file protein.cif (mmCIF, C-alpha atoms and all ligand atoms)
data_upload
loop_
_atom_site.label_atom_id
_atom_site.label_comp_id
_atom_site.auth_asym_id
_atom_site.auth_seq_id
_atom_site.Cartn_x
_atom_site.Cartn_y
_atom_site.Cartn_z
CA MET A 649 0.00 0.00 0.00
CA THR A 650 1.38 3.48 -0.88
CA LEU A 651 1.43 6.32 1.66
CA PHE A 652 -1.79 7.70 0.24
CA GLU A 653 -3.96 4.61 -0.05
CA ASN A 654 -5.26 4.56 3.50
CA THR A 655 -8.88 5.24 2.56
CA GLU A 656 -10.13 5.32 6.13
CA ARG A 657 -7.87 8.30 6.78
CA ALA A 658 -8.46 9.80 3.34
CA PHE A 659 -12.24 10.03 3.75
CA ILE A 660 -12.53 10.34 7.52
CA HIS A 661 -14.35 13.68 7.08
CA LYS A 662 -17.10 12.26 4.83
CA SER A 663 -20.28 10.42 5.75
CA LYS A 664 -21.39 7.45 3.67
CA SER A 665 -24.02 9.49 1.83
CA GLU A 666 -21.48 12.23 1.08
CA LEU A 667 -19.12 9.62 -0.29
CA TYR A 668 -21.85 8.23 -2.54
CA LYS A 669 -22.56 11.73 -3.84
CA THR A 670 -18.88 12.35 -4.60
CA TYR A 671 -18.68 8.95 -6.26
CA LEU A 672 -21.62 9.80 -8.51
CA LEU A 673 -20.11 13.17 -9.46
CA PHE A 674 -16.70 11.76 -10.32
CA THR A 675 -18.42 9.03 -12.36
CA ILE A 676 -20.17 11.74 -14.38
CA PHE A 677 -16.86 13.60 -14.79
CA SER A 678 -15.34 10.50 -16.34
CA TYR A 679 -17.37 11.23 -19.53
CA PRO A 680 -15.45 14.17 -21.10
CA PHE A 681 -17.93 14.74 -23.92
CA PHE A 682 -20.81 15.01 -21.45
CA VAL A 683 -18.85 17.45 -19.25
CA ARG A 684 -17.99 19.64 -22.24
CA ILE A 685 -21.61 19.85 -23.39
CA SER A 686 -22.89 20.39 -19.84
CA GLY A 687 -20.52 23.31 -19.24
CA GLN A 688 -21.84 25.21 -22.25
CA LEU A 689 -25.44 24.23 -21.47
CA ILE A 690 -25.19 25.43 -17.86
CA VAL A 691 -23.88 28.85 -18.93
CA PHE A 692 -26.76 29.12 -21.42
CA LEU A 693 -29.45 27.96 -18.97
CA LEU A 694 -28.26 30.40 -16.30
CA LYS A 695 -28.30 33.21 -18.85
CA ILE A 696 -31.97 32.58 -19.76
CA GLY A 697 -32.90 32.19 -16.08
CA PHE A 698 -33.72 28.48 -16.23
CA PRO A 699 -34.08 27.15 -12.65
CA ILE A 700 -30.98 24.94 -12.33
CA LYS A 701 -29.29 26.76 -9.46
CA GLY A 702 -30.67 24.33 -6.84
CA LEU A 703 -29.31 21.32 -8.68
CA LEU A 704 -25.93 22.95 -9.27
CA LYS A 705 -25.70 23.98 -5.65
CA ARG A 706 -26.37 20.49 -4.30
CA THR A 707 -23.91 18.83 -6.67
CA VAL A 708 -20.87 20.44 -8.26
CA PHE A 709 -20.97 23.58 -6.08
CA GLU A 710 -21.01 21.63 -2.81
CA GLN A 711 -18.20 19.40 -4.07
CA PHE A 712 -15.79 22.20 -5.02
CA CYS A 713 -16.91 25.30 -3.09
CA ALA A 714 -17.13 25.86 0.65
CA GLY A 715 -20.21 28.08 0.49
CA GLN A 716 -21.73 31.25 -0.89
CA GLN A 717 -20.80 33.36 2.12
CA GLU A 718 -17.67 33.73 4.16
CA LYS A 719 -19.41 32.38 7.29
CA ASP A 720 -20.34 29.08 5.55
CA SER A 721 -16.75 28.70 4.41
CA ILE A 722 -15.39 29.21 7.90
CA LYS A 723 -17.35 26.15 9.02
CA VAL A 724 -15.64 24.13 6.29
CA VAL A 725 -12.23 25.50 7.29
CA GLU A 726 -12.86 24.45 10.89
CA SER A 727 -14.02 20.99 9.92
CA LEU A 728 -10.87 20.46 7.81
CA TYR A 729 -8.68 21.72 10.63
CA ASN A 730 -10.16 19.07 12.94
CA PHE A 731 -8.09 16.68 10.83
CA LYS A 732 -4.98 18.93 10.73
CA VAL A 733 -5.73 20.07 7.18
CA LYS A 734 -5.25 23.84 6.95
CA SER A 735 -6.85 26.12 4.36
CA TYR A 736 -6.57 29.28 2.38
CA MET A 737 -9.80 30.97 1.43
CA HIS A 738 -10.60 32.69 -1.82
CA TYR A 739 -13.57 34.67 -3.01
CA ALA A 740 -13.64 32.91 -6.38
CA SER A 741 -15.43 35.41 -8.55
CA GLU A 742 -13.35 35.74 -11.75
CA GLY A 743 -12.46 38.22 -14.50
CA GLN A 744 -13.82 41.41 -12.97
CA LYS A 745 -14.42 43.96 -15.71
CA THR A 746 -15.68 47.03 -13.86
CA SER A 747 -13.85 49.10 -11.28
CA GLU A 748 -16.76 48.47 -8.85
CA GLY A 749 -16.23 44.72 -9.29
CA MET A 750 -12.51 45.15 -8.66
CA GLU A 751 -13.13 47.21 -5.52
CA GLU A 752 -15.48 44.45 -4.34
CA SER A 753 -12.76 41.83 -4.97
CA LEU A 754 -10.27 43.97 -3.05
CA LYS A 755 -12.71 44.18 -0.14
CA LYS A 756 -13.11 40.38 -0.12
CA ILE A 757 -9.34 39.78 -0.24
CA LEU A 758 -8.78 42.20 2.65
CA GLU A 759 -11.51 40.40 4.59
CA THR A 760 -9.83 37.01 4.11
CA ILE A 761 -6.48 38.52 5.16
CA LYS A 762 -8.16 39.79 8.31
CA LEU A 763 -9.76 36.40 8.93
CA SER A 764 -6.39 34.68 8.54
CA GLN A 765 -4.66 36.89 11.09
CA ASN A 766 -3.32 34.74 13.96
CA SER A 767 -5.23 31.76 12.60
CA GLU A 768 -3.45 28.39 12.70
CA ALA A 769 -6.11 27.00 10.36
CA LEU A 770 -5.58 29.73 7.72
CA PRO A 771 -1.84 30.22 7.17
CA PHE A 772 -2.15 31.76 3.66
CA THR A 773 -4.34 34.00 1.56
CA VAL A 774 -4.43 34.47 -2.20
CA PHE A 775 -5.33 36.85 -4.98
CA LYS A 776 -5.80 36.65 -8.69
CA SER A 777 -4.35 39.75 -10.35
CA THR A 778 -7.16 40.06 -12.91
CA ALA A 779 -9.66 40.33 -10.05
CA LEU A 780 -7.93 43.61 -9.13
CA GLY A 781 -7.16 45.10 -12.55
CA PRO A 782 -8.47 44.76 -16.12
CA ALA A 783 -7.11 41.70 -17.99
CA ARG A 784 -6.68 43.79 -21.18
CA LEU A 785 -4.15 45.98 -19.36
CA PHE A 786 -2.19 42.97 -18.08
CA GLU A 787 -2.11 41.82 -21.70
CA LYS A 788 -0.88 45.17 -23.00
CA GLN A 789 1.78 45.37 -20.30
CA THR A 790 2.92 41.81 -21.05
CA GLU A 791 3.21 42.64 -24.76
CA GLY A 792 4.96 45.96 -24.07
CA VAL A 793 2.17 47.97 -25.76
CA ALA A 794 1.99 51.61 -24.62
CA LEU A 795 -1.05 52.55 -22.51
CA SER A 796 -3.22 55.57 -23.17
CA ALA A 797 -3.45 58.20 -20.42
CA GLU A 798 -6.79 56.75 -19.28
CA GLU A 799 -5.39 53.21 -19.30
CA GLN A 800 -2.34 54.37 -17.35
CA ARG A 801 -4.68 55.73 -14.70
CA GLU A 802 -6.59 52.40 -14.54
CA TRP A 803 -3.28 50.51 -14.35
CA GLU A 804 -2.12 52.61 -11.43
CA GLN A 805 -5.41 51.87 -9.67
CA ALA A 806 -4.84 48.15 -10.21
CA LEU A 807 -1.31 48.40 -8.78
CA ALA A 808 -2.64 50.39 -5.84
CA ARG A 809 -5.17 47.61 -5.09
CA ILE A 810 -2.43 44.96 -5.24
CA ASN A 811 -0.15 47.05 -3.00
CA ARG A 812 -3.00 47.55 -0.57
CA CYS A 813 -3.37 43.73 -0.23
CA CYS A 814 0.38 43.31 0.34
CA ASP A 815 0.62 46.13 2.89
CA TYR A 816 -2.32 44.71 4.81
CA ALA A 817 -0.89 41.17 4.63
CA GLN A 818 2.40 42.49 6.01
CA GLU A 819 0.65 44.44 8.74
CA LEU A 820 -1.27 41.34 9.87
CA ASN A 821 1.59 38.94 9.12
CA VAL A 822 -0.40 36.74 6.73
CA ARG A 823 1.27 35.05 3.75
CA LEU A 824 -0.09 35.97 0.34
CA LEU A 825 -0.07 33.79 -2.80
CA ILE A 826 -0.35 35.33 -6.27
CA ASP A 827 -2.10 33.02 -8.74
CA ALA A 828 -0.64 32.46 -12.21
CA GLU A 829 -2.86 33.16 -15.20
CA GLU A 830 -2.72 32.92 -19.02
CA SER A 831 0.73 33.45 -20.59
CA TRP A 832 -0.40 36.61 -22.41
CA LEU A 833 -1.17 38.19 -19.00
CA GLN A 834 1.54 36.53 -16.96
CA GLY A 835 4.49 38.71 -18.05
CA ALA A 836 3.00 41.68 -16.20
CA ILE A 837 2.05 39.50 -13.21
CA ASP A 838 5.64 38.17 -13.04
CA GLN A 839 7.04 41.69 -12.99
CA ILE A 840 4.69 42.69 -10.19
CA ALA A 841 5.38 39.51 -8.20
CA LEU A 842 9.16 40.00 -8.46
CA THR A 843 8.93 43.62 -7.33
CA LEU A 844 6.73 42.59 -4.40
CA MET A 845 8.98 39.71 -3.35
CA LYS A 846 11.99 42.02 -3.35
CA LYS A 847 10.11 44.49 -1.22
CA TYR A 848 8.28 42.21 1.24
CA ASN A 849 10.39 39.03 1.43
CA GLN A 850 13.38 40.37 3.34
CA ASP A 851 12.84 38.15 6.38
CA ALA A 852 13.60 34.42 6.64
CA GLN A 853 9.97 33.54 5.99
CA PRO A 854 8.54 34.90 2.72
CA LEU A 855 5.34 36.93 2.76
CA ILE A 856 4.64 36.98 -1.00
CA TYR A 857 4.50 33.82 -3.14
CA THR A 858 4.58 33.80 -6.91
CA THR A 859 3.19 30.91 -8.98
CA MET A 860 5.24 28.97 -11.51
CA GLN A 861 3.35 27.02 -14.21
CA MET A 862 5.69 24.26 -15.31
CA TYR A 863 3.66 23.34 -18.41
CA ARG A 864 5.29 26.45 -19.90
CA ASN A 865 8.48 25.68 -21.78
CA ASP A 866 10.23 28.86 -20.56
CA ARG A 867 9.71 28.42 -16.82
CA LEU A 868 12.84 26.49 -15.89
CA PRO A 869 15.24 29.24 -17.05
CA TYR A 870 12.88 31.77 -15.45
CA LEU A 871 12.99 29.88 -12.15
CA LYS A 872 16.82 29.71 -12.31
CA MET A 873 16.93 33.46 -12.97
CA LEU A 874 14.63 34.10 -9.98
CA ILE A 875 16.81 32.02 -7.67
CA ASP A 876 19.98 33.80 -8.86
CA GLU A 877 18.29 37.14 -8.33
CA ALA A 878 17.13 36.11 -4.83
CA LYS A 879 20.69 35.11 -3.96
CA SER A 880 22.34 38.24 -5.28
CA ALA A 881 19.74 40.71 -3.97
CA ASN A 882 19.28 38.68 -0.78
CA PHE A 883 15.53 38.14 -0.58
CA GLN A 884 13.36 35.05 -0.21
CA ILE A 885 11.14 33.61 -2.92
CA GLY A 886 7.91 31.85 -2.10
CA ILE A 887 6.97 29.58 -4.99
CA LYS A 888 3.64 27.93 -5.63
CA LEU A 889 4.68 25.24 -8.09
CA VAL A 890 1.88 24.05 -10.40
CA ARG A 891 1.65 22.40 -13.80
CA GLY A 892 -0.80 24.95 -15.24
CA ALA A 893 -4.54 25.20 -15.72
CA TYR A 894 -5.05 26.74 -19.16
CA LEU A 895 -3.71 24.03 -21.46
CA GLU A 896 -6.42 24.09 -24.12
CA LYS A 897 -6.89 27.84 -24.08
CA GLU A 898 -3.13 28.41 -24.49
CA ASN A 899 -2.74 25.95 -27.36
CA GLN A 900 -5.92 27.17 -29.08
CA ARG A 901 -4.82 30.80 -29.00
CA ALA A 902 -1.36 29.91 -30.31
CA ILE A 903 -2.93 28.08 -33.27
CA GLU A 904 -5.43 30.85 -33.99
CA ARG A 905 -2.78 33.58 -33.91
CA GLY A 906 -0.04 31.54 -35.56
CA TYR A 907 2.68 31.63 -32.90
CA PRO A 908 4.48 28.62 -31.35
CA SER A 909 2.71 27.26 -28.27
CA PRO A 910 4.41 28.46 -25.07
CA LEU A 911 3.64 25.06 -23.49
CA CYS A 912 5.53 21.79 -23.31
CA PRO A 913 4.44 19.56 -26.22
CA THR A 914 3.31 16.57 -24.12
CA LYS A 915 2.21 15.68 -20.60
CA GLU A 916 5.50 13.76 -20.18
CA ALA A 917 7.49 16.88 -21.12
CA THR A 918 5.47 18.92 -18.60
CA ASP A 919 6.14 16.31 -15.93
CA GLU A 920 9.88 16.34 -16.70
CA ASN A 921 9.94 20.15 -16.55
CA PHE A 922 7.91 20.08 -13.32
CA ASN A 923 10.30 17.59 -11.69
CA GLN A 924 13.33 19.64 -12.66
CA GLY A 925 11.74 22.76 -11.20
CA LEU A 926 10.76 20.85 -8.08
CA TYR A 927 14.30 19.62 -7.36
CA LEU A 928 15.74 23.02 -8.19
CA ILE A 929 13.56 24.57 -5.49
CA LEU A 930 14.21 21.78 -2.99
CA ASN A 931 17.95 22.20 -3.50
CA HIS A 932 17.66 25.94 -2.78
CA LEU A 933 15.47 25.91 0.31
CA ASP A 934 17.80 28.50 1.84
CA HIS A 935 16.32 31.04 -0.60
CA CYS A 936 13.03 29.37 -1.60
CA GLU A 937 9.94 28.10 0.11
CA LEU A 938 8.02 25.39 -1.75
CA PHE A 939 4.24 25.42 -1.97
CA LEU A 940 3.39 22.33 -4.03
CA GLY A 941 0.03 22.94 -5.73
CA SER A 942 -0.60 19.53 -7.23
CA HIS A 943 -2.89 16.52 -7.11
CA SER A 944 -0.23 14.30 -8.61
CA GLU A 945 0.62 11.37 -6.38
CA ASP A 946 3.98 11.04 -8.12
CA SER A 947 4.95 14.69 -7.49
CA THR A 948 3.81 14.46 -3.87
CA GLN A 949 5.69 11.22 -3.30
CA ARG A 950 8.84 12.78 -4.80
CA VAL A 951 8.76 15.60 -2.25
CA VAL A 952 8.08 13.20 0.63
CA ASP A 953 10.98 10.97 -0.51
CA TRP A 954 13.30 13.95 -0.89
CA MET A 955 12.42 15.14 2.61
CA LYS A 956 13.13 11.71 4.06
CA THR A 957 16.44 11.38 2.20
CA HIS A 958 17.54 14.82 3.40
CA GLN A 959 16.20 14.26 6.91
CA ILE A 960 13.86 17.23 6.67
CA PRO A 961 11.09 16.88 9.28
CA ALA A 962 7.55 16.37 7.94
CA ASN A 963 6.40 19.63 9.51
CA SER A 964 9.19 21.71 7.93
CA PRO A 965 7.99 25.31 7.61
CA ARG A 966 9.72 25.49 4.16
CA ILE A 967 7.53 22.88 2.45
CA TRP A 968 3.75 23.00 1.97
CA PHE A 969 1.47 20.59 0.13
CA SER A 970 -1.71 22.00 -1.33
CA GLN A 971 -4.78 20.59 -3.04
CA LEU A 972 -8.08 22.10 -4.10
CA TYR A 973 -11.16 21.70 -1.92
CA GLY A 974 -13.15 18.68 -3.12
CA MET A 975 -10.19 17.07 -4.88
CA ALA A 976 -7.38 14.68 -3.97
CA ASP A 977 -8.55 14.21 -0.38
CA PHE A 978 -6.53 11.00 -0.36
CA LEU A 979 -3.40 13.18 -0.50
CA SER A 980 -4.56 15.93 1.86
CA PHE A 981 -5.84 13.82 4.73
CA ASN A 982 -3.13 11.16 4.58
CA LEU A 983 -0.33 13.76 4.40
CA ALA A 984 -1.80 15.78 7.27
CA ASP A 985 -2.19 12.67 9.39
CA LEU A 986 1.48 11.86 8.78
CA GLY A 987 2.45 15.32 10.06
CA TYR A 988 3.13 17.13 6.74
CA GLN A 989 1.94 20.71 6.25
CA VAL A 990 -1.21 20.61 4.14
CA VAL A 991 -3.31 23.55 2.97
CA LYS A 992 -6.53 23.20 1.02
CA TYR A 993 -7.54 25.93 -1.41
CA VAL A 994 -11.07 26.75 -0.23
CA PRO A 995 -13.06 28.86 -2.71
CA TYR A 996 -16.36 30.48 -1.90
CA GLY A 997 -18.73 32.96 -3.50
CA PRO A 998 -22.20 33.35 -4.98
CA LEU A 999 -23.09 30.41 -7.21
CA LYS A 1000 -23.47 32.47 -10.37
CA GLU A 1001 -20.05 34.09 -9.92
CA VAL A 1002 -18.10 30.88 -9.37
CA ILE A 1003 -19.45 29.04 -12.44
CA PRO A 1004 -16.22 29.46 -14.50
CA TYR A 1005 -14.26 27.98 -11.59
CA LEU A 1006 -16.68 25.05 -11.29
CA ILE A 1007 -16.59 24.34 -15.02
CA ARG A 1008 -12.76 24.30 -14.94
CA ARG A 1009 -12.82 21.79 -12.09
CA ALA A 1010 -15.30 19.53 -13.90
CA GLU A 1011 -13.21 19.69 -17.09
CA GLU A 1012 -9.98 19.05 -15.21
CA ASN A 1013 -11.50 15.96 -13.63
CA SER A 1014 -12.77 14.71 -16.96
CA ALA A 1015 -9.40 15.08 -18.74
CA VAL A 1016 -8.24 11.78 -20.20
CA GLN A 1017 -5.26 11.70 -17.85
CA GLY A 1018 -7.22 13.37 -15.03
CA GLN A 1019 -7.82 12.36 -11.44
CA SER A 1020 -11.29 10.81 -11.73
CA PRO A 1021 -10.24 7.15 -12.08
CA ARG A 1022 -7.97 7.42 -9.02
CA GLU A 1023 -10.61 9.21 -6.92
CA LEU A 1024 -13.26 6.68 -7.99
CA THR A 1025 -11.13 3.64 -7.16
CA LEU A 1026 -10.34 4.95 -3.69
CA ILE A 1027 -13.91 6.01 -2.89
CA LYS A 1028 -15.18 2.61 -4.02
CA ARG A 1029 -12.61 0.93 -1.79
CA GLU A 1030 -13.64 3.04 1.20
CA LEU A 1031 -17.35 2.35 0.67
CA LYS A 1032 -16.56 -1.38 0.54
CA ARG A 1033 -14.42 -1.10 3.68
CA ARG A 1034 -17.21 0.66 5.58
CA SER A 1035 -19.77 -1.98 4.54
CA GLU A 1036 -17.43 -4.74 5.71
CA VAL A 1037 -16.82 -3.01 9.06
CA LYS A 1038 -20.57 -2.63 9.51
CA ALA A 1039 -21.16 -6.29 8.61
CA VAL A 1040 -18.54 -7.47 11.14
CA GLY A 1041 -20.04 -5.17 13.77
CA LYS A 1042 -23.49 -6.76 13.39
C1 LIG A 1101 -3.42 24.41 -4.68
C2 LIG A 1101 -3.43 24.63 -6.16
C3 LIG A 1101 -3.25 25.90 -6.68
C4 LIG A 1101 -3.26 26.09 -8.06
N1 LIG A 1101 -3.03 27.34 -8.56
C5 LIG A 1101 -2.93 27.52 -9.91
C6 LIG A 1101 -2.59 28.77 -10.46
O1 LIG A 1101 -2.39 29.76 -9.76
N2 LIG A 1101 -2.50 28.87 -11.82
C7 LIG A 1101 -2.70 27.79 -12.65
O2 LIG A 1101 -2.57 27.92 -13.88
N3 LIG A 1101 -3.05 26.58 -12.14
C8 LIG A 1101 -3.17 26.42 -10.80
N4 LIG A 1101 -3.51 25.20 -10.31
C9 LIG A 1101 -3.95 24.12 -11.22
C10 LIG A 1101 -2.76 23.32 -11.72
O3 LIG A 1101 -1.98 24.15 -12.56
C11 LIG A 1101 -3.16 22.08 -12.52
O4 LIG A 1101 -4.01 22.42 -13.57
C12 LIG A 1101 -3.85 21.01 -11.72
O5 LIG A 1101 -3.41 20.97 -10.41
C13 LIG A 1101 -3.58 19.63 -12.38
O6 LIG A 1101 -2.20 19.33 -12.33
P1 LIG A 1101 -1.62 18.29 -11.25
O7 LIG A 1101 -0.19 18.56 -11.02
O8 LIG A 1101 -2.48 18.34 -10.08
O9 LIG A 1101 -1.90 16.85 -11.90
P2 LIG A 1101 -1.59 16.02 -13.19
O10 LIG A 1101 -2.86 15.29 -13.45
O11 LIG A 1101 -0.35 15.21 -13.02
O12 LIG A 1101 -1.32 17.03 -14.37
C14 LIG A 1101 -2.30 17.57 -15.20
C15 LIG A 1101 -1.65 18.79 -15.82
O13 LIG A 1101 -0.57 18.38 -16.70
C16 LIG A 1101 -0.48 19.28 -17.79
N5 LIG A 1101 -0.78 18.56 -19.03
C17 LIG A 1101 -1.77 17.66 -19.24
N6 LIG A 1101 -1.76 17.22 -20.52
C18 LIG A 1101 -0.74 17.87 -21.13
C19 LIG A 1101 -0.25 17.89 -22.47
N7 LIG A 1101 -0.79 17.12 -23.42
N8 LIG A 1101 0.80 18.68 -22.76
C20 LIG A 1101 1.39 19.46 -21.81
N9 LIG A 1101 0.96 19.50 -20.52
C21 LIG A 1101 -0.10 18.71 -20.19
C22 LIG A 1101 -1.54 20.37 -17.54
O14 LIG A 1101 -0.94 21.43 -16.85
C23 LIG A 1101 -2.55 19.66 -16.67
O15 LIG A 1101 -3.31 20.55 -15.88
C24 LIG A 1101 -3.49 24.98 -8.93
C25 LIG A 1101 -3.67 23.70 -8.40
C26 LIG A 1101 -3.64 23.51 -7.04
C27 LIG A 1101 -3.83 22.12 -6.51
#
call {"tool": "encode", "arguments": {"input": "protein.cif", "output": "structure tokens", "more": "lines below"}}
Ligand SMILES: Cc1cc2nc3c(=O)[nH]c(=O)nc-3n(C[C@H](O)[C@H](O)[C@H](O)COP(=O)(O)OP(=O)(O)OC[C@H]3O[C@@H](n4cnc5c(N)ncnc54)[C@H](O)[C@@H]3O)c2cc1C
result
Amino acid sequence: MTLFENTERAFIHKSKSELYKTYLLFTIFSYPFFVRISGQLIVFLLKIGFPIKGLLKRTVFEQFCAGQQEKDSIKVVESLYNFKVKSYMHYASEGQKTSEGMEESLKKILETIKLSQNSEALPFTVFKSTALGPARLFEKQTEGVALSAEEQREWEQALARINRCCDYAQELNVRLLIDAEESWLQGAIDQIALTLMKKYNQDAQPLIYTTMQMYRNDRLPYLKMLIDEAKSANFQIGIKLVRGAYLEKENQRAIERGYPSPLCPTKEATDENFNQGLYLILNHLDHCELFLGSHSEDSTQRVVDWMKTHQIPANSPRIWFSQLYGMADFLSFNLADLGYQVVKYVPYGPLKEVIPYLIRRAEENSAVQGQSPRELTLIKRELKRRSEVKAVGK
């Protein structure tokens, strides 16, 4: 049995009926064509006001989101913490287009920073840059296109919102992750993240964490450059290491616009790139802190093995394992039980606003090489185990 196959530990937080519901959902996700059609249909039905909110709420929303309000999500955070699984909360409304929407996002981020102050259960917070500034300006900045006077003003407002989050995080001593987005926006996000890390990460423990998407074929040299810069300018880099969430969108855009895809050509190449990045960080823990954002059992096992080989204690403050709420519980709960530092990404927000997030999760789970088969096998095993225990108990 591998470290992560203890299903009793993995699903300790779920009742039998909850497990059945999850099993049903992941079974549905294992039909990619159905998921693709459903995603488009749901967006359409919501647009025309068709009453499907109740169904969505009881199924996919409850699986992947902690609640519509902050107070519902806190209950989820507490229930995870009962099993030593920590959390970081995120108001998951995406792609804000108006300045009112961006101010609202700022307010929510500041609220989660406040909530995380002195909280053992909430060691991190997060923001998505395009929730605080217009995506079109991140794109222009990435491409080096000059901004008009009006756009320059909007850009400065976006930077002011980001700085406000960082200042507040520093004031309350709460770590802040910056999500990675599409490559045509990421150049500007990278610039901002580097500036912030230089400014705020002067102490031994970083405050600001950038995100590195290793499905991109340029990230390994970028990571090496960051580490060199951290060494020479003497600051710490917090790195959320992920494979990358926008595979189809990236490749599609590259084809449509006739430029070479910025991504690795195969899953194997992404994995190889990811592993190289992973070991590079682990071998520079004096200047880096690793936040492993992955549901891959192989990647997780690699870090655990590396820690054992290098006699790094499971609860090392330099290494964090993170999974999304509703996914890869077999990693989260087993790791936490073994004493490793685990943080679940816990999104919340009004149903209508989190639909893009939910659709991404459903699609991710229905990918040919996705997690569904693994989740299904383990849930089935746990249901069988519980029935056997009950039978023996009779
Ligand atoms: C805590 C957490 C935070 C995250 N934050 C972000 C974020 O800020 N930004 C972001 O973009 N993503 C983020 N993600 C999502 C992440 O990038 C992955 O999409 C997701 O976790 C699946 O990758 P994996 O390592 O878990 O698993 P795996 O199943 O091992 O890998 C799947 C991934 O491999 C890559 N891949 C699959 N097929 C191919 C192919 N044919 N060619 C090249 N590459 C391929 C893709 O990146 C795909 O998502 C986050 C994930 C977690 C768990």
call {"tool": "residues_around", "arguments": {"input": "protein.cif", "residues": "Leu673 (chain A)", "least_positions_apart": "3", "cutoff": "10 Å", "atoms": "only C-alpha atoms", "output": "list in words"}}
result
Leu667, Tyr668, Lys669, Thr670, Ile676, Phe677, Ser678, Thr707, Val708, Gln711, Ala1010, Asn1013, Ser1020 and Leu1024 of chain A
call {"tool": "write_last_selection", "arguments": {"input": "protein.cif", "atoms": "C-alpha atoms", "output": "mmCIF file, in the coordinates of the input"}}
result
data_model
loop_
_atom_site.group_PDB
_atom_site.id
_atom_site.type_symbol
_atom_site.label_atom_id
_atom_site.label_comp_id
_atom_site.auth_asym_id
_atom_site.auth_seq_id
_atom_site.Cartn_x
_atom_site.Cartn_y
_atom_site.Cartn_z
ATOM 1 C CA LEU A 667 -19.120 9.620 -0.290
ATOM 2 C CA TYR A 668 -21.850 8.230 -2.540
ATOM 3 C CA LYS A 669 -22.560 11.730 -3.840
ATOM 4 C CA THR A 670 -18.880 12.350 -4.600
ATOM 5 C CA ILE A 676 -20.170 11.740 -14.380
ATOM 6 C CA PHE A 677 -16.860 13.600 -14.790
ATOM 7 C CA SER A 678 -15.340 10.500 -16.340
ATOM 8 C CA THR A 707 -23.910 18.830 -6.670
ATOM 9 C CA VAL A 708 -20.870 20.440 -8.260
ATOM 10 C CA GLN A 711 -18.200 19.400 -4.070
ATOM 11 C CA ALA A 1010 -15.300 19.530 -13.900
ATOM 12 C CA ASN A 1013 -11.500 15.960 -13.630
ATOM 13 C CA SER A 1020 -11.290 10.810 -11.730
ATOM 14 C CA LEU A 1024 -13.260 6.680 -7.990
#
call {"tool": "atom_distance", "arguments": {"input": "protein.cif", "atom1": "CA of Thr773 (chain A)", "atom2": "CA of Tyr736 (chain A)"}}
result
5.3 Å
call {"tool": "residues_near_ligand", "arguments": {"input": "protein.cif", "ligand": "ligand LIG 1101 (chain A)", "cutoff": "7 Å", "atoms": "all atoms listed in the file", "output": "VMD selection string"}}
result
chain A and resid 826 to 829 859 861 863 890 to 895 911 to 915 917 to 918 941 to 944 970 to 972 992 to 993 1012 1017 to 1019
call {"tool": "atom_distance", "arguments": {"input": "protein.cif", "atom1": "CA of Cys813 (chain A)", "atom2": "CA of Phe969 (chain A)"}}
result
23.6 Å
call {"tool": "atom_distance", "arguments": {"input": "protein.cif", "atom1": "CA of Val990 (chain A)", "atom2": "CA of Val951 (chain A)"}}
result
12.9 Å
call {"tool": "closest_residue", "arguments": {"input": "protein.cif", "among": "A:Thr760, A:Glu819, A:Val991, A:Gln834", "to": "Glu787 (chain A)", "atoms": "only C-alpha atoms"}}
result
A:Gln834
